[in-house]
file input-v6.cif (mmCIF, C-alpha atoms)
data_model
loop_
_atom_site.group_PDB
_atom_site.id
_atom_site.type_symbol
_atom_site.label_atom_id
_atom_site.label_comp_id
_atom_site.auth_asym_id
_atom_site.auth_seq_id
_atom_site.Cartn_x
_atom_site.Cartn_y
_atom_site.Cartn_z
ATOM 1 C CA ARG A 1 203.009 -23.998 150.881
ATOM 2 C CA VAL A 2 204.268 -22.234 154.008
ATOM 3 C CA GLN A 3 201.732 -20.353 156.123
ATOM 4 C CA LEU A 4 202.671 -17.948 158.924
ATOM 5 C CA VAL A 5 200.429 -16.216 161.471
ATOM 6 C CA GLU A 6 201.798 -13.678 163.945
ATOM 7 C CA SER A 7 200.340 -12.777 167.325
ATOM 8 C CA GLY A 8 201.312 -10.986 170.497
ATOM 9 C CA GLY A 9 201.550 -7.406 169.327
ATOM 10 C CA GLY A 10 200.183 -4.532 171.366
ATOM 11 C CA THR A 11 201.030 -1.301 173.116
ATOM 12 C CA VAL A 12 203.740 -1.152 175.741
ATOM 13 C CA GLN A 13 205.447 1.687 177.576
ATOM 14 C CA ASP A 14 208.982 2.874 176.898
ATOM 15 C CA GLY A 15 211.380 0.396 178.507
ATOM 16 C CA GLY A 16 208.858 -2.408 178.541
ATOM 17 C CA SER A 17 208.890 -5.898 177.081
ATOM 18 C CA LEU A 18 206.778 -7.870 174.659
ATOM 19 C CA ARG A 19 206.888 -11.366 173.191
ATOM 20 C CA LEU A 20 205.684 -12.041 169.675
ATOM 21 C CA SER A 21 204.727 -15.475 168.387
ATOM 22 C CA CYS A 22 204.448 -16.826 164.866
ATOM 23 C CA ALA A 23 202.668 -20.093 164.092
ATOM 24 C CA VAL A 24 204.180 -21.732 161.012
ATOM 25 C CA SER A 25 202.680 -24.563 158.972
ATOM 26 C CA ALA A 26 204.773 -26.091 156.197
ATOM 27 C CA PRO A 27 205.667 -29.280 154.350
ATOM 28 C CA ALA A 28 207.827 -31.651 156.348
ATOM 29 C CA ASP A 29 211.114 -30.755 154.614
ATOM 30 C CA THR A 30 210.782 -26.996 155.043
ATOM 31 C CA PHE A 31 212.337 -26.277 158.412
ATOM 32 C CA GLY A 32 215.602 -27.979 157.531
ATOM 33 C CA SER A 33 216.126 -25.774 154.481
ATOM 34 C CA TYR A 34 214.539 -22.407 155.210
ATOM 35 C CA CYS A 35 215.709 -19.444 157.224
ATOM 36 C CA MET A 36 213.050 -18.075 159.547
ATOM 37 C CA GLY A 37 213.080 -14.385 160.276
ATOM 38 C CA TRP A 38 211.386 -11.463 161.954
ATOM 39 C CA PHE A 39 211.084 -8.155 160.160
ATOM 40 C CA ARG A 40 209.494 -4.823 160.924
ATOM 41 C CA GLN A 41 208.265 -1.846 158.971
ATOM 42 C CA ALA A 42 207.448 1.555 160.368
ATOM 43 C CA PRO A 43 205.350 4.089 158.422
ATOM 44 C CA GLY A 44 207.417 5.735 155.713
ATOM 45 C CA LYS A 45 210.377 3.422 156.258
ATOM 46 C CA GLU A 46 211.711 0.353 154.481
ATOM 47 C CA ARG A 47 211.139 -3.097 155.887
ATOM 48 C CA GLU A 48 214.124 -4.218 157.963
ATOM 49 C CA GLY A 49 215.183 -7.509 159.457
ATOM 50 C CA VAL A 50 215.420 -7.717 163.232
ATOM 51 C CA ALA A 51 216.182 -11.417 163.744
ATOM 52 C CA ALA A 52 216.764 -14.637 161.838
ATOM 53 C CA ILE A 53 217.477 -18.243 162.697
ATOM 54 C CA SER A 54 219.353 -20.705 160.525
ATOM 55 C CA PRO A 55 217.657 -23.826 159.113
ATOM 56 C CA ASP A 56 219.440 -26.061 161.613
ATOM 57 C CA GLY A 57 218.390 -23.781 164.458
ATOM 58 C CA GLN A 58 221.980 -23.419 165.640
ATOM 59 C CA SER A 59 222.602 -19.796 164.681
ATOM 60 C CA THR A 60 220.686 -16.584 165.236
ATOM 61 C CA TYR A 61 221.351 -13.203 163.678
ATOM 62 C CA TYR A 62 220.466 -9.679 164.776
ATOM 63 C CA PRO A 63 221.276 -6.200 163.522
ATOM 64 C CA ASP A 64 223.094 -3.874 165.887
ATOM 65 C CA SER A 65 219.907 -1.884 166.488
ATOM 66 C CA VAL A 66 218.318 -4.730 168.453
ATOM 67 C CA LYS A 67 221.274 -6.887 169.495
ATOM 68 C CA GLY A 68 221.156 -7.578 173.209
ATOM 69 C CA ARG A 69 217.491 -6.548 173.440
ATOM 70 C CA PHE A 70 215.728 -8.969 171.067
ATOM 71 C CA THR A 71 215.937 -12.764 171.195
ATOM 72 C CA MET A 72 214.553 -15.122 168.591
ATOM 73 C CA SER A 73 213.771 -18.745 169.298
ATOM 74 C CA GLN A 74 211.692 -21.529 167.797
ATOM 75 C CA ASP A 75 209.863 -24.658 168.870
ATOM 76 C CA ILE A 76 209.558 -27.468 166.297
ATOM 77 C CA PRO A 77 207.454 -30.479 167.354
ATOM 78 C CA GLN A 78 208.516 -33.945 166.256
ATOM 79 C CA ASP A 79 206.121 -34.142 163.306
ATOM 80 C CA ASN A 80 208.216 -31.367 161.725
ATOM 81 C CA THR A 81 205.305 -29.787 159.884
ATOM 82 C CA LYS A 82 204.666 -27.017 162.367
ATOM 83 C CA ASN A 83 206.902 -24.506 164.045
ATOM 84 C CA THR A 84 206.382 -21.675 166.465
ATOM 85 C CA LEU A 85 208.728 -18.742 166.249
ATOM 86 C CA TYR A 86 209.165 -16.344 169.148
ATOM 87 C CA LEU A 87 210.617 -12.874 169.350
ATOM 88 C CA GLU A 88 211.310 -11.719 172.885
ATOM 89 C CA MET A 89 211.729 -7.935 172.911
ATOM 90 C CA ASN A 90 213.110 -6.098 175.930
ATOM 91 C CA SER A 91 214.029 -2.476 176.696
ATOM 92 C CA LEU A 92 211.653 -1.296 174.009
ATOM 93 C CA THR A 93 211.777 2.313 172.846
ATOM 94 C CA PRO A 94 209.387 4.351 170.680
ATOM 95 C CA GLU A 95 211.807 3.732 167.785
ATOM 96 C CA ASP A 96 210.773 0.049 167.892
ATOM 97 C CA THR A 97 207.208 0.968 166.974
ATOM 98 C CA ALA A 98 206.329 -0.821 163.742
ATOM 99 C CA MET A 99 204.369 -3.624 162.123
ATOM 100 C CA TYR A 100 206.246 -6.837 162.819
ATOM 101 C CA TYR A 101 206.252 -9.748 160.370
ATOM 102 C CA CYS A 102 207.588 -13.280 160.474
ATOM 103 C CA ALA A 103 208.839 -14.831 157.258
ATOM 104 C CA ALA A 104 210.459 -17.899 155.716
ATOM 105 C CA GLY A 105 213.009 -17.924 152.936
ATOM 106 C CA ARG A 106 216.233 -19.305 151.491
ATOM 107 C CA GLY A 107 219.669 -17.794 151.330
ATOM 108 C CA PHE A 108 222.199 -16.603 153.864
ATOM 109 C CA CYS A 109 220.133 -15.952 156.951
ATOM 110 C CA GLY A 110 222.564 -13.441 158.405
ATOM 111 C CA GLN A 111 221.892 -10.945 155.638
ATOM 112 C CA LEU A 112 218.373 -10.358 156.966
ATOM 113 C CA THR A 113 217.342 -9.295 153.472
ATOM 114 C CA PRO A 114 213.566 -9.098 152.975
ATOM 115 C CA ALA A 115 213.868 -9.931 149.255
ATOM 116 C CA LYS A 116 215.235 -13.394 150.101
ATOM 117 C CA TYR A 117 212.104 -14.332 152.062
ATOM 118 C CA LYS A 118 209.304 -15.849 150.019
ATOM 119 C CA TYR A 119 206.578 -16.460 152.591
ATOM 120 C CA TRP A 120 205.195 -13.821 154.950
ATOM 121 C CA GLY A 121 202.646 -13.500 157.689
ATOM 122 C CA GLN A 122 200.102 -10.704 157.840
ATOM 123 C CA GLY A 123 201.911 -8.798 160.579
ATOM 124 C CA THR A 124 201.222 -7.731 164.143
ATOM 125 C CA GLN A 125 201.434 -4.123 165.351
ATOM 126 C CA VAL A 126 203.825 -3.124 168.123
ATOM 127 C CA THR A 127 203.487 0.349 169.575
ATOM 128 C CA VAL A 128 205.839 1.701 172.230
ATOM 129 C CA SER A 129 204.559 4.779 173.989
ATOM 130 C CA SER A 130 206.860 7.372 175.570
#
call {"tool": "encode", "arguments": {"input": "input-v6.cif", "output": "structure tokens"}}
result
Amino acid sequence: RVQLVESGGGTVQDGGSLRLSCAVSAPADTFGSYCMGWFRQAPGKEREGVAAISPDGQSTYYPDSVKGRFTMSQDIPQDNTKNTLYLEMNSLTPEDTAMYYCAAGRGFCGQLTPAKYKYWGQGTQVTVSS
């Protein structure tokens, strides 16, 4: 079973930066076969993907709305049963206000499709004030 716990959310001013973290615990063969992603959902809106990283860690994917402002990375210790995902967010605007989730799933990572992700964290709130 894959478990994910997000942290690092908060309130930041327009133009500011924030870094989210996601602690992932999983069986040893998970990280080589699962996409890891960050998603967000604002009130009244559908959940959307904002970043994903391929199972081999070599490729990252972003939608145009955050490209150049958001950076996803990960840190996998040698025991390969834990992972920490990061989402560095810069030049934040009020439109980035949402609950942010990390998730793990299979399928083409670049599609950033929530339905392809099986395991989810509980979310962390990001609020950007104008």
call {"tool": "closest_residue", "arguments": {"input": "input-v6.cif", "among": "A:Leu92, A:Ala26, A:Ala51, A:Leu112", "to": "Thr11 (chain A)", "atoms": "all atoms listed in the file"}}
result
A:Leu92
call {"tool": "atom_distance", "arguments": {"input": "input-v6.cif", "atom1": "CA of Thr60 (chain A)", "atom2": "CA of Met72 (chain A)"}}
result
7.1 Å
call {"tool": "closest_residue", "arguments": {"input": "input-v6.cif", "among": "A:Ser73, A:Thr81, A:Ser33, A:Gln3", "to": "Arg19 (chain A)", "atoms": "only C-alpha atoms"}}
result
A:Ser73
call {"tool": "resolve_selection", "arguments": {"input": "input-v6.cif", "expression": "the PyMOL selection byres ((chain A and resi 40) around 8)", "output": "mmCIF file with C-alpha atoms, keeping the file's coordinate frame"}}
result
data_model
loop_
_atom_site.group_PDB
_atom_site.id
_atom_site.type_symbol
_atom_site.label_atom_id
_atom_site.label_comp_id
_atom_site.auth_asym_id
_atom_site.auth_seq_id
_atom_site.Cartn_x
_atom_site.Cartn_y
_atom_site.Cartn_z
ATOM 1 C CA TRP A 38 211.386 -11.463 161.954
ATOM 2 C CA PHE A 39 211.084 -8.155 160.160
ATOM 3 C CA GLN A 41 208.265 -1.846 158.971
ATOM 4 C CA ALA A 42 207.448 1.555 160.368
ATOM 5 C CA ARG A 47 211.139 -3.097 155.887
ATOM 6 C CA GLU A 48 214.124 -4.218 157.963
ATOM 7 C CA GLY A 49 215.183 -7.509 159.457
ATOM 8 C CA VAL A 50 215.420 -7.717 163.232
ATOM 9 C CA ALA A 98 206.329 -0.821 163.742
ATOM 10 C CA MET A 99 204.369 -3.624 162.123
ATOM 11 C CA TYR A 100 206.246 -6.837 162.819
ATOM 12 C CA TYR A 101 206.252 -9.748 160.370
#
call {"tool": "resolve_selection", "arguments": {"input": "input-v6.cif", "expression": "the PyMOL selection byres ((chain A and resi 84) around 7)", "output": "mmCIF file with C-alpha atoms, in the coordinates of the input"}}
result
data_model
loop_
_atom_site.group_PDB
_atom_site.id
_atom_site.type_symbol
_atom_site.label_atom_id
_atom_site.label_comp_id
_atom_site.auth_asym_id
_atom_site.auth_seq_id
_atom_site.Cartn_x
_atom_site.Cartn_y
_atom_site.Cartn_z
ATOM 1 C CA SER A 21 204.727 -15.475 168.387
ATOM 2 C CA CYS A 22 204.448 -16.826 164.866
ATOM 3 C CA ALA A 23 202.668 -20.093 164.092
ATOM 4 C CA VAL A 24 204.180 -21.732 161.012
ATOM 5 C CA GLN A 74 211.692 -21.529 167.797
ATOM 6 C CA ASP A 75 209.863 -24.658 168.870
ATOM 7 C CA ILE A 76 209.558 -27.468 166.297
ATOM 8 C CA LYS A 82 204.666 -27.017 162.367
ATOM 9 C CA ASN A 83 206.902 -24.506 164.045
ATOM 10 C CA LEU A 85 208.728 -18.742 166.249
ATOM 11 C CA TYR A 86 209.165 -16.344 169.148
#
call {"tool": "resolve_selection", "arguments": {"input": "input-v6.cif", "expression": "the PyMOL selection byres ((chain A and resi 96) around 12)", "output": "PyMOL selection string"}}
result
chain A and resi 9+11-18+39-43+48+50+65-66+69-70+89-95+97-100+125-130
call {"tool": "residues_around", "arguments": {"input": "input-v6.cif", "residues": "Val2 (chain A)", "least_positions_apart": "3", "cutoff": "9 Å", "atoms": "only C-alpha atoms", "output": "MDAnalysis selection string"}}
result
chainID A and resid 24:27 30 104 119:120
call {"tool": "axis_aligned_box", "arguments": {"input": "input-v6.cif", "around": "region 107-125 of chain A", "padding_each_side": "5 Å", "output": "lines of an AutoDock Vina configuration file"}}
result
center_x = 211.3
center_y = -11.0
center_z = 157.3
size_x = 32.5
size_y = 23.7
size_z = 26.1
call {"tool": "residues_near_point", "arguments": {"input": "input-v6.cif", "point": "(221.3, -19.6, 155.3)", "cutoff": "9 Å", "atoms": "all atoms listed in the file", "output": "PyMOL selection string"}}
result
chain A and resi 33-35+53-55+105-111
call {"tool": "closest_residue", "arguments": {"input": "input-v6.cif", "among": "A:Glu46, A:Asp56, A:Asp29, A:Glu88", "to": "Thr113 (chain A)", "atoms": "all atoms listed in the file"}}
result
A:Glu46
call {"tool": "closest_residue", "arguments": {"input": "input-v6.cif", "among": "A:Pro114, A:Ser59, A:Leu87, A:Phe31", "to": "Glu6 (chain A)", "atoms": "all atoms listed in the file"}}
result
A:Leu87
call {"tool": "atom_distance", "arguments": {"input": "input-v6.cif", "atom1": "CA of Ala28 (chain A)", "atom2": "CA of Asn80 (chain A)"}}
result
5.4 Å
call {"tool": "atom_distance", "arguments": {"input": "input-v6.cif", "atom1": "CA of Ser7 (chain A)", "atom2": "CA of Gly123 (chain A)"}}
result
8.0 Å
call {"tool": "closest_residue", "arguments": {"input": "input-v6.cif", "among": "A:Thr71, A:Tyr61, A:Lys118, A:Gly44", "to": "Leu20 (chain A)", "atoms": "all atoms listed in the file"}}
result
A:Thr71
